Amino acid sequence: MASLHAVVVVVAASLLLMAAFDGALVHADFYNDVDFVWGYQNAGIWNDGNSLSLMLDNVSGCGMVTKNQYLFGSIEVQIKLVKGNSAGTVTAYYLSSTGDKHDEIDFEFLGNETGQPYIIHTNIFTQGVGNREEQFYPWFDPSDDFHNYTIHWNPSQVVWFVDGIPIRVFRNYESSGVPFPNRQAMRAYSSIWEADEWATRGGLVKIDWNSAPFVAYYQYLQLRACPWYGPSSSGECSAASPANWWTSPEYSTLTYQEQGQMKWARDNFMIYDYCKDTERFDGAMPPECSLPKY
Ligand SMILES: *[C@@H]1O[C@H](CO)[C@@H](O)[C@H](O)[C@H]1NC(C)=O
Ligand SMILES: *[C@@H]1O[C@H](CO)[C@@H](O)[C@H](O)[C@H]1NC(C)=O
Ligand SMILES: *[C@@H]1O[C@H](CO)[C@@H](O)[C@H](O)[C@H]1NC(C)=O
């Protein structure tokens, strides 16, 4: 009797949880939840829509985008990058709105020669302005296995996670005049293309087509985000409520443990920080550079 009671409670609790998630799609699949915007012939989907490959060959790259637009939440995917000689290739994974004052949150993976390190390149555009690059070497070989690349995006902050380690935070400093991406819905994109004029050692190493095709693999796409159906969704996605988990205080700042993890990643693996590039900005540093990181 007691155990039956427990089962009923568990079932009721999970129904409640499902109701709380409402329209927020969780586990997404590559058949139903994304469109291929170019190079469709270079995409492969298998495993019931749970696995995807994007290929670059001498004819075309390939790009996909989520069907839905979102405002806040968590966008998660596991990627296994191009193996071997990936010099001159870029695999991108990013969120973007449309229009000329667009917002964009980027992960880009810059390929390299066999045995040389990839670069994890990040950037954020708010109201059409980017120029906020930060770059890292991964602390693992990202072509060896799948790794978890997640973006948390909420009214307080944007966080880039690699295998659960926050590598970068962009806080909401609107009150200090720094635009924050909180008004425009975004879609998640991923693509692979040739960018050998800049990607590898600043363009010194060109793509070697003898190493083609270049293939990146994806799995476990999780869109735990607030779907946006037009301006009326704006308030719904921003409202602080239990259903909008991304608005809960625990997601508004990094925990002490996460701060420590981020410091570890930045102290050991960061190779470029726009906030330290005084020459580039001729001394007029972007305002967020002098505000607390977290
Ligand atoms: C592209 O690659 C294919 C397969 O390796 C090859 O047969 C073809 O000649 C190449 N085309 C060009 C334009 O290089
Ligand atoms: C991937 O990383 C995110 C951010 O840390 C985390 O919330 C999520 O649970 C991770 N996914 C898996 C499958 O571990
Ligand atoms: C490629 O390897 C070279 C040599 O180790 C390194 O300087 C560079 O940062 C690496 N990554 C890219 C994307 O150029």
# chains A, B, ... in the order shown; residues from 1 in each chain; ligands from 1
call {"tool": "residues_around", "arguments": {"residues": "Asp273 in chain A", "least_positions_apart": "2", "cutoff": "7 Å", "atoms": "only C-alpha atoms", "output": "mmCIF file with all heavy atoms, in the first residue's frame"}}
result
data_model
loop_
_atom_site.group_PDB
_atom_site.id
_atom_site.type_symbol
_atom_site.label_atom_id
_atom_site.label_comp_id
_atom_site.auth_asym_id
_atom_site.auth_seq_id
_atom_site.Cartn_x
_atom_site.Cartn_y
_atom_site.Cartn_z
ATOM 1 N N GLU A 133 35.204 39.526 -28.362
ATOM 2 C CA GLU A 133 35.725 38.171 -28.504
ATOM 3 C C GLU A 133 36.524 37.723 -27.281
ATOM 4 O O GLU A 133 37.299 38.484 -26.720
ATOM 5 C CB GLU A 133 36.646 38.084 -29.735
ATOM 6 C CG GLU A 133 35.945 38.325 -31.055
ATOM 7 C CD GLU A 133 35.824 39.797 -31.440
ATOM 8 O OE1 GLU A 133 36.225 40.662 -30.633
ATOM 9 O OE2 GLU A 133 35.325 40.069 -32.545
ATOM 10 N N GLU A 134 36.327 36.486 -26.914
ATOM 11 C CA GLU A 134 37.189 35.817 -25.937
ATOM 12 C C GLU A 134 37.488 34.437 -26.513
ATOM 13 O O GLU A 134 36.594 33.781 -27.040
ATOM 14 C CB GLU A 134 36.492 35.669 -24.577
ATOM 15 C CG GLU A 134 36.233 37.004 -23.888
ATOM 16 C CD GLU A 134 35.675 36.863 -22.471
ATOM 17 O OE1 GLU A 134 35.565 35.729 -21.970
ATOM 18 O OE2 GLU A 134 35.336 37.897 -21.892
ATOM 19 N N GLN A 135 38.765 34.015 -26.400
ATOM 20 C CA GLN A 135 39.164 32.733 -26.980
ATOM 21 C C GLN A 135 39.856 31.855 -25.950
ATOM 22 O O GLN A 135 40.557 32.357 -25.068
ATOM 23 C CB GLN A 135 40.123 32.964 -28.154
ATOM 24 C CG GLN A 135 39.497 33.714 -29.307
ATOM 25 C CD GLN A 135 40.449 33.794 -30.494
ATOM 26 O OE1 GLN A 135 41.679 33.813 -30.325
ATOM 27 N NE2 GLN A 135 39.901 33.850 -31.690
ATOM 28 N N ILE A 271 43.138 32.462 -24.186
ATOM 29 C CA ILE A 271 44.244 32.979 -25.001
ATOM 30 C C ILE A 271 43.966 34.365 -25.564
ATOM 31 O O ILE A 271 44.868 35.022 -26.073
ATOM 32 C CB ILE A 271 44.632 32.003 -26.138
ATOM 33 C CG1 ILE A 271 43.411 31.616 -26.962
ATOM 34 C CG2 ILE A 271 45.327 30.774 -25.579
ATOM 35 C CD1 ILE A 271 43.762 30.825 -28.211
ATOM 36 N N CYS A 275 38.798 42.506 -23.412
ATOM 37 C CA CYS A 275 38.913 43.506 -22.352
ATOM 38 C C CYS A 275 40.367 43.819 -21.996
ATOM 39 O O CYS A 275 40.639 44.756 -21.268
ATOM 40 C CB CYS A 275 38.156 43.052 -21.110
ATOM 41 S SG CYS A 275 36.376 43.366 -21.235
ATOM 42 N N LYS A 276 41.298 42.986 -22.489
ATOM 43 C CA LYS A 276 42.710 43.268 -22.202
ATOM 44 C C LYS A 276 43.401 43.877 -23.412
ATOM 45 O O LYS A 276 44.584 44.202 -23.362
ATOM 46 C CB LYS A 276 43.425 41.961 -21.818
ATOM 47 C CG LYS A 276 42.791 41.315 -20.579
ATOM 48 C CD LYS A 276 43.800 40.631 -19.690
ATOM 49 C CE LYS A 276 43.205 40.303 -18.339
ATOM 50 N NZ LYS A 276 42.960 38.869 -18.152
ATOM 51 N N ASP A 277 42.661 44.021 -24.506
ATOM 52 C CA ASP A 277 43.260 44.476 -25.763
ATOM 53 C C ASP A 277 43.146 46.001 -25.879
ATOM 54 O O ASP A 277 42.389 46.533 -26.690
ATOM 55 C CB ASP A 277 42.551 43.784 -26.938
ATOM 56 C CG ASP A 277 43.356 43.853 -28.215
ATOM 57 O OD1 ASP A 277 44.298 44.669 -28.281
ATOM 58 O OD2 ASP A 277 43.036 43.095 -29.156
#
call {"tool": "residues_near_ligand", "arguments": {"ligand": "ligand 2", "cutoff": "8 Å", "atoms": "only C-alpha atoms and all ligand atoms", "output": "MDAnalysis selection string"}}
result
chainID A and resid 74 76:77 148:152 161:166 220
call {"tool": "residues_near_ligand", "arguments": {"ligand": "ligand 1", "cutoff": "10 Å", "atoms": "only C-alpha atoms and all ligand atoms", "output": "mmCIF file with all heavy atoms, in the first residue's frame"}}
result
data_model
loop_
_atom_site.group_PDB
_atom_site.id
_atom_site.type_symbol
_atom_site.label_atom_id
_atom_site.label_comp_id
_atom_site.auth_asym_id
_atom_site.auth_seq_id
_atom_site.Cartn_x
_atom_site.Cartn_y
_atom_site.Cartn_z
ATOM 1 N N ASP A 57 32.471 19.928 -47.762
ATOM 2 C CA ASP A 57 33.311 19.360 -48.814
ATOM 3 C C ASP A 57 33.658 20.467 -49.796
ATOM 4 O O ASP A 57 33.356 21.637 -49.543
ATOM 5 C CB ASP A 57 32.629 18.148 -49.474
ATOM 6 C CG ASP A 57 31.303 18.504 -50.124
ATOM 7 O OD1 ASP A 57 31.048 19.693 -50.392
ATOM 8 O OD2 ASP A 57 30.506 17.569 -50.375
ATOM 9 N N ASN A 58 34.309 20.112 -50.897
ATOM 10 C CA ASN A 58 34.776 21.156 -51.802
ATOM 11 C C ASN A 58 33.631 21.820 -52.573
ATOM 12 O O ASN A 58 33.849 22.767 -53.313
ATOM 13 C CB ASN A 58 35.880 20.625 -52.730
ATOM 14 C CG ASN A 58 35.384 19.486 -53.607
ATOM 15 O OD1 ASN A 58 34.182 19.180 -53.621
ATOM 16 N ND2 ASN A 58 36.289 18.862 -54.352
ATOM 17 N N VAL A 59 32.420 21.367 -52.356
ATOM 18 C CA VAL A 59 31.260 21.975 -53.014
ATOM 19 C C VAL A 59 30.518 22.906 -52.066
ATOM 20 O O VAL A 59 30.088 23.997 -52.437
ATOM 21 C CB VAL A 59 30.288 20.877 -53.537
ATOM 22 C CG1 VAL A 59 29.055 21.493 -54.175
ATOM 23 C CG2 VAL A 59 31.012 19.968 -54.517
ATOM 24 N N SER A 60 30.365 22.481 -50.810
ATOM 25 C CA SER A 60 29.519 23.250 -49.901
ATOM 26 C C SER A 60 29.795 22.926 -48.443
ATOM 27 O O SER A 60 30.299 21.848 -48.113
ATOM 28 C CB SER A 60 28.050 22.910 -50.216
ATOM 29 O OG SER A 60 27.174 23.550 -49.322
ATOM 30 N N TRP A 209 42.111 20.470 -49.077
ATOM 31 C CA TRP A 209 40.943 19.737 -49.585
ATOM 32 C C TRP A 209 41.203 18.242 -49.697
ATOM 33 O O TRP A 209 40.269 17.452 -49.797
ATOM 34 C CB TRP A 209 40.445 20.321 -50.908
ATOM 35 C CG TRP A 209 39.821 21.688 -50.704
ATOM 36 C CD1 TRP A 209 40.296 22.880 -51.127
ATOM 37 C CD2 TRP A 209 38.598 21.966 -49.992
ATOM 38 N NE1 TRP A 209 39.465 23.902 -50.720
ATOM 39 C CE2 TRP A 209 38.424 23.366 -50.027
ATOM 40 C CE3 TRP A 209 37.663 21.191 -49.314
ATOM 41 C CZ2 TRP A 209 37.328 24.000 -49.423
ATOM 42 C CZ3 TRP A 209 36.573 21.815 -48.715
ATOM 43 C CH2 TRP A 209 36.413 23.209 -48.778
ATOM 44 N N ASN A 210 42.498 17.852 -49.667
ATOM 45 C CA ASN A 210 42.771 16.408 -49.655
ATOM 46 C C ASN A 210 42.277 15.765 -48.371
ATOM 47 O O ASN A 210 42.122 14.548 -48.308
ATOM 48 C CB ASN A 210 44.281 16.146 -49.777
ATOM 49 C CG ASN A 210 44.791 16.547 -51.138
ATOM 50 O OD1 ASN A 210 44.120 16.321 -52.150
ATOM 51 N ND2 ASN A 210 45.955 17.179 -51.170
ATOM 52 N N SER A 211 42.086 16.577 -47.327
ATOM 53 C CA SER A 211 41.580 16.049 -46.053
ATOM 54 C C SER A 211 40.052 16.032 -46.002
ATOM 55 O O SER A 211 39.473 15.584 -45.007
ATOM 56 C CB SER A 211 42.097 16.878 -44.878
ATOM 57 O OG SER A 211 43.491 16.909 -44.871
ATOM 58 N N ALA A 212 39.395 16.565 -47.042
ATOM 59 C CA ALA A 212 37.926 16.604 -47.067
ATOM 60 C C ALA A 212 37.378 15.182 -47.273
ATOM 61 O O ALA A 212 38.088 14.327 -47.787
ATOM 62 C CB ALA A 212 37.456 17.524 -48.189
ATOM 63 N N PRO A 213 36.137 14.886 -46.902
ATOM 64 C CA PRO A 213 35.191 15.824 -46.283
ATOM 65 C C PRO A 213 35.479 16.044 -44.797
ATOM 66 O O PRO A 213 36.021 15.168 -44.125
ATOM 67 C CB PRO A 213 33.844 15.109 -46.461
ATOM 68 C CG PRO A 213 34.183 13.657 -46.452
ATOM 69 C CD PRO A 213 35.535 13.549 -47.095
#
call {"tool": "residues_near_ligand", "arguments": {"ligand": "ligand 3", "cutoff": "6 Å", "atoms": "only C-alpha atoms and all ligand atoms", "output": "list in words"}}
result
Leu110, Gly111, Asn112, Gln116, Pro117, Tyr118, Ile119, Ala199, Thr200 and Arg201 of chain A
call {"tool": "select_by_dssp", "arguments": {"residues": "range 49-257 of chain A", "states": "strand (DSSP E or B)", "output": "NGL selection string"}}
result
:A and (51-56 or 62-66 or 69-80 or 89-96 or 104-110 or 119-126 or 129 or 134-136 or 147-153 or 157-162 or 165-171 or 186-194 or 214-228)
call {"tool": "closest_residue", "arguments": {"among": "A:Phe36, A:Phe180, A:Phe136, A:Tyr70", "to": "Pro231 in chain A", "atoms": "only C-alpha atoms"}}
result
A:Tyr70
call {"tool": "residues_around", "arguments": {"residues": "Arg168 in chain A", "least_positions_apart": "4", "cutoff": "12 Å", "atoms": "only C-alpha atoms", "output": "PyMOL selection string"}}
result
chain A and resi 105-107+120-124+132-136+150-152+157-162+164+254+258-259+261-267+269-270+273+293-294
call {"tool": "write_last_selection", "arguments": {"atoms": "C-alpha atoms", "output": "compact mmCIF listing (two decimals), in the first residue's frame"}}
result
# COMPACT_ATOMS: atom_id res chain seq x y z
CA ILE A 105 25.68 34.67 -28.60
CA ASP A 106 28.47 32.66 -30.21
CA PHE A 107 30.54 29.56 -29.82
CA ILE A 120 37.04 27.91 -28.83
CA HIS A 121 36.08 31.38 -29.96
CA THR A 122 33.23 33.21 -28.20
CA ASN A 123 31.51 36.52 -28.84
CA ILE A 124 28.31 38.37 -28.02
CA ARG A 132 33.61 41.18 -27.57
CA GLU A 133 35.72 38.17 -28.50
CA GLU A 134 37.19 35.82 -25.94
CA GLN A 135 39.16 32.73 -26.98
CA PHE A 136 40.20 29.57 -25.20
CA THR A 150 25.63 24.91 -23.31
CA ILE A 151 24.47 28.51 -23.29
CA HIS A 152 22.42 29.76 -20.34
CA GLN A 157 23.31 36.95 -17.41
CA VAL A 158 24.54 34.91 -20.33
CA VAL A 159 26.88 32.01 -19.46
CA TRP A 160 28.92 29.86 -21.84
CA PHE A 161 29.50 26.35 -20.41
CA VAL A 162 31.89 23.69 -21.66
CA GLY A 164 29.50 22.15 -17.15
CA LEU A 254 27.36 31.98 -10.66
CA GLU A 258 31.22 27.99 -10.59
CA GLN A 259 33.24 31.14 -10.01
CA GLN A 261 35.71 26.75 -12.11
CA MET A 262 35.56 29.79 -14.37
CA LYS A 263 38.72 31.20 -12.85
CA TRP A 264 40.45 27.86 -13.47
CA ALA A 265 39.38 27.85 -17.13
CA ARG A 266 40.34 31.47 -17.70
CA ASP A 267 43.67 31.31 -15.84
CA PHE A 269 43.14 28.16 -21.08
CA MET A 270 42.18 31.67 -22.11
CA ASP A 273 40.32 38.64 -23.96
CA LYS A 293 32.76 39.85 -14.20
CA TYR A 294 30.17 38.08 -12.02
call {"tool": "atom_distance", "arguments": {"atom1": "CA of Glu108 in chain A", "atom2": "CA of Tyr93 in chain A"}}
result
6.1 Å
call {"tool": "closest_residue", "arguments": {"among": "A:Ala243, A:Val90, A:Cys237, A:Leu54", "to": "Gly203 in chain A", "atoms": "only C-alpha atoms"}}
result
A:Val90
call {"tool": "residues_around", "arguments": {"residues": "Gly128 in chain A", "least_positions_apart": "3", "cutoff": "7 Å", "atoms": "only C-alpha atoms", "output": "ChimeraX atom specification"}}
result
/A:100-103,125
call {"tool": "write_last_selection", "arguments": {"atoms": "C-alpha atoms", "output": "PDB file, in the first residue's frame"}}
result
ATOM      1  CA  ASP A 100      20.102  45.088 -38.263  1.00  0.00           C
ATOM      2  CA  LYS A 101      20.326  45.593 -34.471  1.00  0.00           C
ATOM      3  CA  HIS A 102      20.545  41.904 -33.830  1.00  0.00           C
ATOM      4  CA  ASP A 103      21.638  40.054 -30.705  1.00  0.00           C
ATOM      5  CA  PHE A 125      26.475  40.995 -30.052  1.00  0.00           C
TER       6      PHE A 125
END
call {"tool": "residues_around", "arguments": {"residues": "Pro287 in chain A", "least_positions_apart": "3", "cutoff": "12 Å", "atoms": "only C-alpha atoms", "output": "number ranges by chain"}}
result
A: 132, 171, 173-179, 274-275, 281, 283-284, 290-293
call {"tool": "closest_residue", "arguments": {"among": "A:Gln184, A:Thr278, A:Thr91, A:Gln78", "to": "Phe146 in chain A", "atoms": "only C-alpha atoms"}}
result
A:Gln78
